[in-house]
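Next comes protein.cif, with mmCIF, C-alpha atoms.
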data_entry
loop_
_atom_site.label_atom_id
_atom_site.label_comp_id
_atom_site.auth_asym_id
_atom_site.auth_seq_id
_atom_site.Cartn_x
_atom_site.Cartn_y
_atom_site.Cartn_z
CA MET A 272 0.00 0.00 0.00
CA ASN A 273 1.41 3.34 -1.00
CA THR A 274 1.27 6.30 1.29
CA GLU A 275 1.00 9.65 -0.40
CA VAL A 276 2.05 12.70 1.55
CA VAL A 277 0.17 15.85 0.63
CA ALA A 278 2.13 18.87 1.73
CA GLY A 279 0.42 21.95 3.07
CA LYS A 280 0.26 25.13 1.05
CA THR A 281 3.22 26.67 2.86
CA ALA A 282 5.93 25.19 0.60
CA SER A 283 6.80 27.94 -1.84
CA LYS A 284 7.85 27.03 -5.36
CA TRP A 285 10.23 29.99 -5.44
CA LYS A 286 11.97 29.39 -2.11
CA LEU A 287 15.70 29.87 -2.69
CA SER A 288 18.29 27.46 -1.33
CA LEU A 289 21.11 28.55 1.01
CA ASP A 290 23.51 28.07 -1.92
CA THR A 291 21.56 30.43 -4.14
CA TRP A 292 21.29 33.07 -1.40
CA ALA A 293 25.06 32.88 -0.85
CA VAL A 294 25.66 33.37 -4.59
CA LEU A 295 23.22 36.31 -4.75
CA VAL A 296 24.83 38.04 -1.75
CA ALA A 297 28.31 37.48 -3.21
CA PHE A 298 27.17 38.91 -6.59
CA LEU A 299 25.64 41.92 -4.82
CA LEU A 300 28.93 42.55 -2.98
CA ALA A 301 30.85 42.20 -6.26
CA LEU A 302 28.49 44.72 -7.86
CA LEU A 303 28.99 47.16 -4.97
CA VAL A 304 32.75 46.85 -5.41
CA ARG A 305 32.49 47.22 -9.21
CA THR A 306 30.32 50.34 -9.00
CA GLY A 307 32.62 51.94 -6.43
CA VAL A 308 30.13 51.91 -3.54
CA LEU A 309 32.59 49.69 -1.68
CA LYS A 310 35.91 51.27 -2.57
CA HIS A 311 38.32 49.86 -0.04
CA VAL A 312 37.91 46.68 1.99
CA PRO A 313 40.61 46.49 4.68
CA TRP A 314 42.02 43.24 6.02
CA MET B 240 -5.13 2.72 -3.49
CA ALA B 241 -3.00 5.38 -1.94
CA ASP B 242 -3.71 6.68 1.56
CA ALA B 243 -3.41 10.44 1.72
CA ILE B 244 -1.86 11.98 4.80
CA THR B 245 -2.24 15.73 5.00
CA VAL B 246 0.67 17.39 6.72
CA PRO B 247 -0.67 20.09 9.02
CA GLN B 248 0.06 23.57 7.83
CA VAL B 249 2.87 25.11 9.89
CA GLN B 250 2.67 28.84 10.49
CA PRO B 251 5.57 30.36 8.57
CA VAL B 252 8.07 32.42 10.53
CA GLN B 253 8.08 36.05 9.38
CA PRO B 254 11.19 36.78 7.26
CA ALA B 255 12.02 39.80 9.46
CA LEU B 256 11.87 37.62 12.59
CA ARG B 257 14.00 34.97 10.91
CA PHE B 258 16.55 37.64 10.05
CA LEU B 259 16.58 38.97 13.63
CA ARG B 260 17.17 35.46 15.00
CA VAL B 261 20.46 35.04 13.13
CA ILE B 262 21.97 38.38 14.24
CA PRO B 263 23.31 37.35 17.72
CA GLY B 264 25.03 34.28 16.26
CA ILE B 265 26.57 36.28 13.41
CA PHE B 266 27.94 38.72 15.97
CA LEU B 267 29.41 35.78 17.90
CA LEU B 268 31.04 34.43 14.70
CA ALA B 269 32.47 37.89 13.99
CA ALA B 270 33.69 38.33 17.59
CA VAL B 271 35.40 34.92 17.69
CA GLY B 272 36.88 35.34 14.21
CA TYR B 273 38.12 38.86 14.93
CA ALA B 274 39.58 37.74 18.27
CA GLY B 275 41.50 35.11 16.28
CA LYS B 276 42.79 37.83 13.95
CA LEU B 277 43.87 40.02 16.90
CA LEU B 278 45.57 37.07 18.58
CA GLU B 279 47.52 36.33 15.39
CA GLN B 280 48.75 39.93 15.24
CA ASN B 281 49.44 40.45 18.93
CA VAL B 282 50.68 37.11 20.29
CA GLY B 283 53.48 36.93 17.70
CA ALA B 284 54.50 40.56 18.32
CA TYR B 285 54.42 40.08 22.12
CA ALA B 286 56.52 36.90 21.93
CA LYS B 287 59.03 38.64 19.65
CA ALA B 288 59.26 41.68 21.94
CA HIS B 289 60.00 39.38 24.90
CA HIS B 290 62.42 37.20 22.89
CA TRP B 291 60.26 34.09 23.29
CA THR B 292 60.29 31.27 20.80
CA PHE B 293 56.66 30.98 19.74
CA PRO B 294 55.33 29.57 16.44
CA ASN B 295 53.46 31.99 14.19
CA ILE B 296 49.87 30.81 14.58
CA GLU B 297 47.50 32.04 11.87
CA TYR B 298 44.09 33.57 12.59
CA VAL B 299 42.50 30.45 11.02
CA LEU B 300 43.77 28.25 13.83
CA TRP B 301 43.11 30.83 16.58
CA ALA B 302 39.49 31.27 15.40
CA ILE B 303 38.87 27.50 15.28
CA VAL B 304 40.51 26.87 18.66
CA LEU B 305 38.61 29.73 20.34
CA GLY B 306 35.36 28.35 18.89
CA LEU B 307 36.22 24.82 20.06
CA VAL B 308 36.99 26.05 23.58
CA ILE B 309 33.65 27.91 23.84
CA SER B 310 31.66 25.03 22.36
CA ASN B 311 33.24 22.36 24.57
CA THR B 312 33.35 24.30 27.87
CA VAL B 313 30.51 26.77 28.41
CA GLY B 314 28.67 25.67 25.25
CA VAL B 315 26.93 27.88 22.69
CA PRO B 316 23.80 29.44 24.28
CA ALA B 317 20.55 28.86 22.36
CA ILE B 318 20.21 32.52 21.34
CA PHE B 319 23.39 32.27 19.23
CA ARG B 320 22.80 28.87 17.60
CA THR B 321 20.72 29.95 14.58
CA GLY B 322 23.27 32.60 13.66
CA VAL B 323 26.25 30.28 14.22
CA ALA B 324 24.67 27.85 11.74
CA THR B 325 25.06 30.54 9.03
CA TYR B 326 28.77 29.71 8.78
CA GLU B 327 27.93 27.50 5.74
CA PHE B 328 26.36 30.53 4.07
CA TRP B 329 29.52 32.61 4.65
CA LEU B 330 31.67 29.76 3.38
CA LYS B 331 29.77 29.62 0.10
CA ALA B 332 29.67 33.41 -0.35
CA GLY B 333 33.44 33.46 0.40
CA ILE B 334 34.13 30.79 -2.24
CA VAL B 335 32.13 32.74 -4.88
CA LEU B 336 34.10 35.92 -4.08
CA LEU B 337 37.38 33.96 -4.12
CA GLY B 338 36.66 33.35 -7.83
CA ALA B 339 38.05 36.88 -8.45
CA ARG B 340 41.53 35.56 -7.57
CA PHE B 341 41.41 32.80 -10.19
CA LEU B 342 41.94 33.35 -13.89
CA LEU B 343 39.87 31.09 -16.11
CA GLY B 344 43.02 29.60 -17.68
CA ASP B 345 44.29 28.53 -14.24
CA ILE B 346 40.95 26.94 -13.43
CA LEU B 347 40.90 25.02 -16.71
CA LYS B 348 44.51 23.88 -16.24
CA LEU B 349 44.25 22.98 -12.55
CA GLY B 350 40.60 21.96 -12.83
CA GLY B 351 41.48 19.46 -15.60
CA VAL B 352 44.13 17.76 -13.44
CA SER B 353 41.97 17.91 -10.32
CA LEU B 354 38.95 16.54 -12.22
CA ILE B 355 40.92 13.38 -13.09
CA LEU B 356 42.19 13.04 -9.50
CA VAL B 357 38.70 13.73 -8.10
CA ALA B 358 37.18 11.02 -10.34
CA ILE B 359 39.78 8.48 -9.14
CA GLU B 360 39.29 9.59 -5.52
CA ILE B 361 35.49 9.29 -5.67
CA VAL B 362 35.48 5.81 -7.25
CA GLY B 363 38.23 4.57 -4.89
CA SER B 364 36.59 6.04 -1.76
CA LEU B 365 33.08 4.80 -2.56
CA THR B 366 34.38 1.28 -3.25
CA PHE B 367 36.51 1.14 -0.11
CA MET B 368 33.89 2.61 2.23
CA THR B 369 31.25 0.19 0.88
CA PHE B 370 33.64 -2.71 1.51
CA LEU B 371 34.35 -1.46 5.06
CA GLY B 372 30.64 -0.99 5.83
CA ARG B 373 29.96 -4.61 4.80
CA LEU B 374 32.96 -5.86 6.77
CA PHE B 375 31.71 -4.10 9.94
CA LYS B 376 28.12 -5.20 9.20
CA LEU B 377 26.75 -1.64 9.20
CA LYS B 378 23.23 -1.06 7.87
CA PRO B 379 23.41 -0.73 4.04
CA LYS B 380 21.94 2.79 3.94
CA LEU B 381 24.26 3.94 6.73
CA THR B 382 27.15 2.56 4.67
CA THR B 383 25.89 4.51 1.63
CA LEU B 384 25.74 7.74 3.65
CA LEU B 385 29.23 7.26 5.09
CA ALA B 386 30.60 6.39 1.63
CA VAL B 387 29.06 9.47 -0.01
CA GLY B 388 30.10 11.71 2.90
CA SER B 389 33.74 10.68 2.67
CA ALA B 390 33.93 10.43 -1.11
CA VAL B 391 32.18 13.64 -2.17
CA CYS B 392 31.53 16.53 0.15
CA GLY B 393 30.84 15.66 3.74
CA VAL B 394 27.68 16.90 5.42
CA SER B 395 26.01 18.42 2.30
CA ALA B 396 26.42 15.13 0.43
CA ILE B 397 24.98 13.15 3.36
CA ILE B 398 21.95 15.46 3.58
CA ALA B 399 21.38 15.34 -0.20
CA THR B 400 21.69 11.53 -0.26
CA LYS B 401 19.51 11.02 2.83
CA GLY B 402 16.55 12.58 1.04
CA ALA B 403 17.18 10.74 -2.22
CA ILE B 404 17.55 7.23 -0.73
CA GLU B 405 15.07 7.76 2.14
CA ALA B 406 17.58 6.87 4.87
CA ASP B 407 16.70 7.07 8.60
CA ASP B 408 17.37 10.23 10.61
CA GLU B 409 19.49 8.11 12.96
CA ASP B 410 21.71 6.91 10.10
CA SER B 411 22.28 10.42 8.82
CA SER B 412 23.04 11.72 12.37
CA PHE B 413 25.61 8.91 12.78
CA SER B 414 27.24 9.69 9.45
CA ILE B 415 27.28 13.47 9.99
CA ALA B 416 28.80 13.04 13.48
CA ALA B 417 31.51 10.70 12.15
CA ILE B 418 32.35 12.97 9.21
CA LEU B 419 32.48 16.09 11.43
CA ALA B 420 34.67 14.42 14.07
CA LEU B 421 37.06 13.14 11.43
CA GLY B 422 37.06 16.53 9.68
CA ALA B 423 38.11 18.18 12.97
CA LEU B 424 40.96 15.66 13.27
CA ALA B 425 42.04 16.24 9.66
CA LEU B 426 42.14 19.97 10.29
CA PHE B 427 44.97 19.52 12.78
CA THR B 428 46.78 16.51 11.28
CA PHE B 429 46.90 17.43 7.56
CA PRO B 430 49.08 20.57 7.96
CA VAL B 431 51.47 18.71 10.30
CA ILE B 432 51.87 15.83 7.83
CA GLY B 433 52.20 18.28 4.93
CA HIS B 434 55.06 20.14 6.65
CA PHE B 435 56.66 16.85 7.74
CA LEU B 436 56.68 15.63 4.11
CA HIS B 437 57.77 19.09 2.81
CA LEU B 438 54.86 19.15 0.37
CA SER B 439 54.75 22.14 -2.00
CA ASP B 440 51.77 24.51 -1.71
CA LYS B 441 50.33 23.01 -4.89
CA ALA B 442 50.69 19.38 -3.78
CA TYR B 443 49.35 20.13 -0.30
CA GLY B 444 46.40 22.19 -1.62
CA LEU B 445 45.45 19.33 -3.93
CA TRP B 446 45.73 16.82 -1.08
CA ALA B 447 43.62 18.90 1.33
CA GLY B 448 40.97 19.40 -1.37
CA LEU B 449 40.89 15.67 -2.15
CA GLY B 450 41.33 14.19 1.32
CA VAL B 451 39.30 16.40 3.70
CA ASP B 452 35.57 15.78 3.43
CA ASN B 453 33.69 18.84 4.56
CA THR B 454 34.14 22.01 2.51
CA ALA B 455 34.65 24.24 5.57
CA GLU B 456 37.35 21.95 7.02
CA ALA B 457 39.04 21.51 3.61
CA THR B 458 39.17 25.31 3.20
CA ALA B 459 40.56 25.74 6.72
CA ALA B 460 43.09 22.88 6.36
CA GLY B 461 44.36 24.49 3.14
CA ALA B 462 44.51 28.01 4.64
CA LEU B 463 46.39 26.69 7.67
CA TYR B 464 49.24 25.63 5.34
CA SER B 465 49.50 28.73 3.15
CA ASP B 466 47.38 31.20 1.19
CA ALA B 467 48.26 29.49 -2.12
CA ALA B 468 47.47 26.03 -0.71
CA GLY B 469 44.15 27.36 0.63
CA LYS B 470 43.18 28.70 -2.81
CA LEU B 471 43.95 25.37 -4.47
CA ALA B 472 42.20 23.34 -1.76
CA VAL B 473 39.02 25.38 -2.42
CA LEU B 474 39.27 24.78 -6.18
CA VAL B 475 39.75 21.01 -5.81
CA LYS B 476 37.06 20.74 -3.15
CA SER B 477 34.64 22.67 -5.38
CA THR B 478 35.39 20.21 -8.19
CA ARG B 479 34.48 17.37 -5.79
CA ASN B 480 31.31 19.23 -4.77
CA ALA B 481 30.30 19.59 -8.42
CA MET B 482 30.15 15.77 -8.64
CA ILE B 483 27.55 15.48 -5.90
CA GLY B 484 24.54 15.32 -8.24
CA PHE B 485 25.91 12.39 -10.26
CA VAL B 486 26.82 10.33 -7.17
CA VAL B 487 23.49 10.99 -5.41
CA LEU B 488 21.59 10.21 -8.64
CA ALA B 489 23.45 6.89 -9.00
CA TYR B 490 22.62 5.90 -5.41
CA ALA B 491 18.99 7.07 -5.77
CA ILE B 492 18.57 4.84 -8.86
CA TYR B 493 20.29 1.94 -7.06
CA TRP B 494 18.01 2.11 -3.98
CA ALA B 495 14.90 2.73 -6.14
CA GLY B 496 15.84 -0.43 -8.09
CA LYS B 497 15.74 -2.32 -4.78
CA GLY B 498 12.30 -0.83 -4.06
CA GLN B 499 13.62 1.06 -1.04
CA ALA B 500 13.45 4.61 -2.42
CA GLN B 501 11.26 6.59 -4.80
CA GLN B 502 11.96 6.46 -8.56
CA VAL B 503 13.82 9.45 -9.96
CA GLY B 504 11.63 11.23 -12.54
CA ASN B 505 13.41 13.95 -14.53
CA LYS B 506 17.12 13.17 -14.17
CA ALA B 507 18.31 16.53 -15.55
CA ALA B 508 16.10 18.40 -13.05
CA PHE B 509 17.42 16.12 -10.27
CA LEU B 510 21.05 16.91 -11.23
CA TRP B 511 20.35 20.67 -11.34
CA GLN B 512 18.59 20.54 -7.96
CA LYS B 513 21.59 18.80 -6.34
CA PHE B 514 24.26 20.84 -8.15
CA PRO B 515 26.03 23.23 -5.73
CA LYS B 516 25.15 26.67 -7.15
CA PHE B 517 28.11 28.33 -5.43
CA VAL B 518 30.44 26.44 -7.82
CA LEU B 519 28.64 28.17 -10.70
CA GLY B 520 28.90 31.54 -8.90
CA PHE B 521 32.64 30.97 -8.38
CA LEU B 522 33.10 30.29 -12.12
CA ILE B 523 31.07 33.39 -13.13
CA ILE B 524 33.14 35.70 -10.89
CA SER B 525 36.31 34.09 -12.21
CA VAL B 526 35.23 34.67 -15.85
CA LEU B 527 34.47 38.32 -15.01
CA ALA B 528 37.89 38.74 -13.36
CA THR B 529 39.62 37.08 -16.33
CA TYR B 530 38.03 39.54 -18.77
CA HIS B 531 39.01 42.56 -16.58
CA PHE B 532 35.50 43.40 -15.44
CA PHE B 533 37.18 44.28 -12.12
CA SER B 534 40.24 46.53 -11.75
CA LYS B 535 43.29 45.32 -9.79
CA ASP B 536 42.15 47.23 -6.68
CA GLN B 537 38.64 45.81 -7.00
CA VAL B 538 40.04 42.26 -7.20
CA GLY B 539 41.93 43.05 -3.98
CA ALA B 540 38.71 44.30 -2.35
CA LEU B 541 36.82 41.14 -3.42
CA ALA B 542 39.65 38.94 -2.09
CA ASN B 543 39.44 40.73 1.28
CA LEU B 544 35.65 40.32 1.38
CA SER B 545 36.24 36.61 0.76
CA ARG B 546 38.73 36.54 3.69
CA TRP B 547 36.16 38.15 6.01
CA ALA B 548 33.57 35.57 4.95
CA PHE B 549 36.06 32.76 5.66
CA LEU B 550 36.86 34.33 9.04
CA LEU B 551 33.21 33.84 10.04
CA THR B 552 33.32 30.30 8.61
CA PHE B 553 36.38 29.26 10.61
CA ALA B 554 34.85 30.61 13.83
CA GLY B 555 31.72 28.58 13.00
CA VAL B 556 33.73 25.39 12.42
CA GLY B 557 35.02 25.61 16.01
CA LEU B 558 31.72 26.71 17.55
CA ARG B 559 29.65 23.91 16.05
CA THR B 560 32.13 21.12 16.96
CA ASN B 561 31.05 19.54 20.22
CA PHE B 562 32.98 16.39 21.10
CA SER B 563 30.59 15.14 23.81
CA GLU B 564 27.67 15.30 21.34
CA MET B 565 29.75 13.31 18.85
CA ARG B 566 30.61 10.63 21.45
CA LYS B 567 26.90 9.99 21.99
CA GLN B 568 26.53 8.79 18.38
CA GLY B 569 28.35 5.51 19.03
CA LEU B 570 31.67 3.98 18.16
CA ARG B 571 31.09 1.62 15.23
CA PRO B 572 30.22 4.15 12.48
CA PHE B 573 33.03 6.32 13.81
CA ALA B 574 35.47 3.38 13.57
CA VAL B 575 34.40 2.67 9.98
CA GLY B 576 34.74 6.36 9.15
CA ALA B 577 38.14 6.61 10.85
CA ILE B 578 39.59 3.57 9.08
CA GLY B 579 38.11 4.76 5.78
CA GLU B 580 39.39 8.33 6.20
CA LEU B 581 42.85 7.10 7.09
CA ALA B 582 42.92 4.93 3.97
CA ILE B 583 41.50 7.76 1.81
CA ALA B 584 44.07 10.23 3.20
CA GLY B 585 46.87 7.78 2.34
CA PHE B 586 45.36 6.98 -1.06
CA THR B 587 44.90 10.66 -2.02
CA LEU B 588 48.40 11.49 -0.77
CA GLY B 589 49.69 8.76 -3.11
CA LEU B 590 47.62 10.22 -5.97
CA VAL B 591 48.98 13.73 -5.36
CA TYR B 592 52.52 12.40 -5.01
CA GLY B 593 52.18 10.56 -8.33
CA ALA B 594 50.69 13.64 -10.04
CA SER B 595 53.43 15.90 -8.65
CA LYS B 596 56.07 13.55 -10.13
CA ILE B 597 54.30 13.52 -13.53
CA PHE B 598 53.69 17.29 -13.67
CA GLY B 599 56.91 18.29 -11.89
CA TRP B 600 55.31 20.33 -9.04
#

Exercise: express the given structure as C-alpha cells:
Amino acid sequence: MNTEVVAGKTASKWKLSLDTWAVLVAFLLALLVRTGVLKHVPW
Amino acid sequence: MADAITVPQVQPVQPALRFLRVIPGIFLLAAVGYAGKLLEQNVGAYAKAHHWTFPNIEYVLWAIVLGLVISNTVGVPAIFRTGVATYEFWLKAGIVLLGARFLLGDILKLGGVSLILVAIEIVGSLTFMTFLGRLFKLKPKLTTLLAVGSAVCGVSAIIATKGAIEADDEDSSFSIAAILALGALALFTFPVIGHFLHLSDKAYGLWAGLGVDNTAEATAAGALYSDAAGKLAVLVKSTRNAMIGFVVLAYAIYWAGKGQAQQVGNKAAFLWQKFPKFVLGFLIISVLATYHFFSKDQVGALANLSRWAFLLTFAGVGLRTNFSEMRKQGLRPFAVGAIGELAIAGFTLGLVYGASKIFGW
C-alpha cells in the first residue's frame, strides 16, 4: 500500500536554497565593489 | 489505493523575525573570528618583543581553537545557535568571491588535473567505504551515507543523499557526526603531515581538497598551510562538490531499483537541484575577473571580502564542533569512518605524489 504525503500550502515554489542566497549576496557585494560603492575593503 | 496523509500547515516564521534570529550568532562568529585575527597579530609581536620562541599561529587556527573552547566548555547558548549555523552561508559566499583571484586559464589547467584526480578519488573512496561498511556489518543505507560523505563533500552530500535514498534520521546523524569528528581531526593533522613531508603549496592544496571531506574543514586545512594552498584546496574541493549530483543520482537509482526509495523522474532536473550553485557563482566571478570586469584594486577588495567571509566560517567550524555530542553517536560508524578516512588520506596522498612527479610540481 502506498502512502502519499500531501504537503500543506506553505511550501513555496520559489523558495531559494542557502547556496543560491550565498551566490546572490556574493554577486551583490561584487556589484557594490564594481560600481565603487565599496571602494576599499581592509584586512 | 493510496492513503493520503495531510501534513498540518505550519505557520511560517516572518522573514524579518527569521533575520533577527540570526543576528546574535553572526555577531558571535564575527567576535570569535576577529579575536582570532587580533591574537595572530598580537601574540606573535608580544613573543618577539619578549624574545620568546613561539610559532606563528595564523588567525584560522586561533578562530577555530577559540570556537572549540567555547563550544566544549561553556557551550553555545541557544540565542546564538541559529546565527552560528550561518557559517555554511559565509563559506559559500566566500568561495564565490574567491573566484576573483582565479583566472579562467588557471581553473581550466588545474581543474582538468583535479577533475581526473577527483574522479579516481570518488570511485576509490566509494568502493573502499562500501567494503568497510559490509565488513563491519553496518546497515546498508548507513554505509551509503558514510561512503558518499567521505567520497564527495561531507555533510552536504549526506543530507542530499539522505533525502534521495530515504535513509533514517538516525543513520544520517551517525554519518554526519563521524564525518564532522574526522574533519576536525584532519584539520589539525593534515598541515602537520604536509610540513613533515615538505609538500609544496600546490601538492598540499590538492591533497587537502581531495582528502578532507567537509568544505569548511578543507578550506581551513588548506589556509592553515598557506594562502596558495588554501586557494587550491578550495578549487579542488569545489570540483568534488560539483560531482555530488551524479553520485546521489546513481545511489537514488540503485536504492529505487531495490524498491527502497522513490523512482527518480526527470534526471536533468534532479542533477540541477543537487548541483552546488556556489560552484557556478565561483566560475562566473572568475570569468568576469579574467576579462578585466574588475580593476586590480577591485580584485583586492573582493579577495578581502572573501577573507572576512572565511573568518566567520572558521569561527563557526570551532563553535559547532562539540565532542561530547559526537561521542553519543556511538563507536562503530566512527570506527568505519576513521579507518576509511585514514585509507583515503593515504590513497589521495599517493595520488597527489604521483601527479606531482608527472607534472613536476

Pick from B:Ala442, B:Lys535, B:Phe293, B:Ile359, whichever lies nearest to B:Ile597 using only C-alpha atoms:
B:Ala442

Could you tell me, as a list in words, exactly which residues end up selected when the PyMOL selection byres ((chain A and resi 307) around 12) is applied to this structure?
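Matching residues under the PyMOL selection byres ((chain A and resi 307) around 12) are Leu300, Ala301, Leu302, Leu303, Val304, Arg305, Thr306, Val308, Leu309, Lys310, His311 and Val312 of chain A; Phe533, Ser534, Asp536, Gln537, Ala540 and Leu541 of chain B.
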
Can you give me, as number ranges by chain, the residues this file yields under the PyMOL selection byres ((chain A and resi 285-296) around 8)?
A: 282-284, 297-300; B: 328-329, 331-332, 335, 515-517, 520

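Here atom CA of B:Lys506 is placed at a distance of 29.0 Å from atom CA of B:Leu343.
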
Record the distance separating atom CA of B:Ile303 and atom CA of B:Val323, expressed in Å with one decimal.
13.0 Å

Please report the interatomic distance between atom CA of B:Phe573 and atom CA of B:Gly498 in Å with one decimal.
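Those two atoms sit 28.3 Å apart.
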
For A:Trp314, list every protein, DNA or RNA residue within 12 Å, evaluated using only C-alpha atoms, and leave out those in the same chain fewer than 4 positions away; present the list as a PyMOL selection string.
chain B and resi 273+276-277+280+298+539-548+550

Measuring atom to atom with only C-alpha atoms, identify which of B:Lys513, B:Arg320, B:Lys348, B:His434 is nearest to chain A.
B:Lys513

Residues matched by the PyMOL selection byres ((chain B and resi 433) around 10), written as a JSON list (two decimals) with C-alpha atoms, in the coordinates of the input:
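Here's the written file part14.json:
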[["chain", "number", "residue", "atom", "x", "y", "z"],
["B", 428, "THR", "CA", 46.78, 16.51, 11.28],
["B", 429, "PHE", "CA", 46.90, 17.43, 7.56],
["B", 430, "PRO", "CA", 49.08, 20.57, 7.96],
["B", 431, "VAL", "CA", 51.47, 18.71, 10.30],
["B", 432, "ILE", "CA", 51.87, 15.83, 7.83],
["B", 434, "HIS", "CA", 55.06, 20.14, 6.65],
["B", 435, "PHE", "CA", 56.66, 16.85, 7.74],
["B", 436, "LEU", "CA", 56.68, 15.63, 4.11],
["B", 437, "HIS", "CA", 57.77, 19.09, 2.81],
["B", 438, "LEU", "CA", 54.86, 19.15, 0.37],
["B", 439, "SER", "CA", 54.75, 22.14, -2.00],
["B", 440, "ASP", "CA", 51.77, 24.51, -1.71],
["B", 442, "ALA", "CA", 50.69, 19.38, -3.78],
["B", 443, "TYR", "CA", 49.35, 20.13, -0.30],
["B", 444, "GLY", "CA", 46.40, 22.19, -1.62],
["B", 446, "TRP", "CA", 45.73, 16.82, -1.08],
["B", 447, "ALA", "CA", 43.62, 18.90, 1.33],
["B", 464, "TYR", "CA", 49.24, 25.63, 5.34],
["B", 588, "LEU", "CA", 48.40, 11.49, -0.77]]

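With only C-alpha atoms as the basis for measurement, B:Ser389 is the residue among B:Ser389, B:Asn311, B:Ser414, B:Ser465 that approaches B:Asn480 most closely.
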
Nearest residue to B:Leu581 out of B:Thr478, B:Ser364, B:Asn505, B:Thr325, using all atoms listed in the file?
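Looking at the shortest contact to B:Leu581, the residue is B:Ser364.
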
Around (33.9, 34.4, 12.4) in the file's frame, which residues reach within 10 Å when counting only C-alpha atoms? Return as an mmCIF file with C-alpha atoms, in the frame of the given file?
data_model
loop_
_atom_site.group_PDB
_atom_site.id
_atom_site.type_symbol
_atom_site.label_atom_id
_atom_site.label_comp_id
_atom_site.auth_asym_id
_atom_site.auth_seq_id
_atom_site.Cartn_x
_atom_site.Cartn_y
_atom_site.Cartn_z
ATOM 1 C CA GLY B 264 25.030 34.280 16.260
ATOM 2 C CA ILE B 265 26.570 36.280 13.410
ATOM 3 C CA PHE B 266 27.940 38.720 15.970
ATOM 4 C CA LEU B 267 29.410 35.780 17.900
ATOM 5 C CA LEU B 268 31.040 34.430 14.700
ATOM 6 C CA ALA B 269 32.470 37.890 13.990
ATOM 7 C CA ALA B 270 33.690 38.330 17.590
ATOM 8 C CA VAL B 271 35.400 34.920 17.690
ATOM 9 C CA GLY B 272 36.880 35.340 14.210
ATOM 10 C CA TYR B 273 38.120 38.860 14.930
ATOM 11 C CA ALA B 274 39.580 37.740 18.270
ATOM 12 C CA GLY B 275 41.500 35.110 16.280
ATOM 13 C CA LYS B 276 42.790 37.830 13.950
ATOM 14 C CA VAL B 299 42.500 30.450 11.020
ATOM 15 C CA ALA B 302 39.490 31.270 15.400
ATOM 16 C CA ILE B 303 38.870 27.500 15.280
ATOM 17 C CA GLY B 306 35.360 28.350 18.890
ATOM 18 C CA VAL B 323 26.250 30.280 14.220
ATOM 19 C CA TYR B 326 28.770 29.710 8.780
ATOM 20 C CA TRP B 329 29.520 32.610 4.650
ATOM 21 C CA TRP B 547 36.160 38.150 6.010
ATOM 22 C CA ALA B 548 33.570 35.570 4.950
ATOM 23 C CA PHE B 549 36.060 32.760 5.660
ATOM 24 C CA LEU B 550 36.860 34.330 9.040
ATOM 25 C CA LEU B 551 33.210 33.840 10.040
ATOM 26 C CA THR B 552 33.320 30.300 8.610
ATOM 27 C CA PHE B 553 36.380 29.260 10.610
ATOM 28 C CA ALA B 554 34.850 30.610 13.830
ATOM 29 C CA GLY B 555 31.720 28.580 13.000
ATOM 30 C CA VAL B 556 33.730 25.390 12.420
ATOM 31 C CA GLY B 557 35.020 25.610 16.010
ATOM 32 C CA LEU B 558 31.720 26.710 17.550
#

Env of B:Gly393: 6 Å cut, atoms = only C-alpha atoms, seq-sep filter 4 positions within chain, self excluded. Answer as a VMD selection string.
chain B and resid 388 to 389 452 to 453

Residue contacts of B:Ile318 (9 Å, only C-alpha atoms) excluding same-chain residues fewer than 3 positions away, as a compact mmCIF listing (two decimals) with C-alpha atoms, in the frame of the given file:
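This is the output file selection_18.txt:
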# COMPACT_ATOMS: atom_id res chain seq x y z
CA ARG B 260 17.17 35.46 15.00
CA VAL B 261 20.46 35.04 13.13
CA PRO B 263 23.31 37.35 17.72
CA GLY B 264 25.03 34.28 16.26
CA VAL B 315 26.93 27.88 22.69
CA THR B 321 20.72 29.95 14.58
CA GLY B 322 23.27 32.60 13.66

Show me, as lines of an AutoDock Vina configuration file, the centre and edge lengths in Å to one decimal of the axis-aligned box that covers every listed atom of stretch 303-309 of chain A with 4 Å on each side.
center_x = 30.9
center_y = 49.4
center_z = -5.4
size_x = 11.8
size_y = 13.1
size_z = 15.5

Measuring between only C-alpha atoms, which one of B:Ile492, B:Leu330, B:Val526, B:Leu471 shows the shortest distance to chain A?
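Nearest to chain A: B:Leu330.
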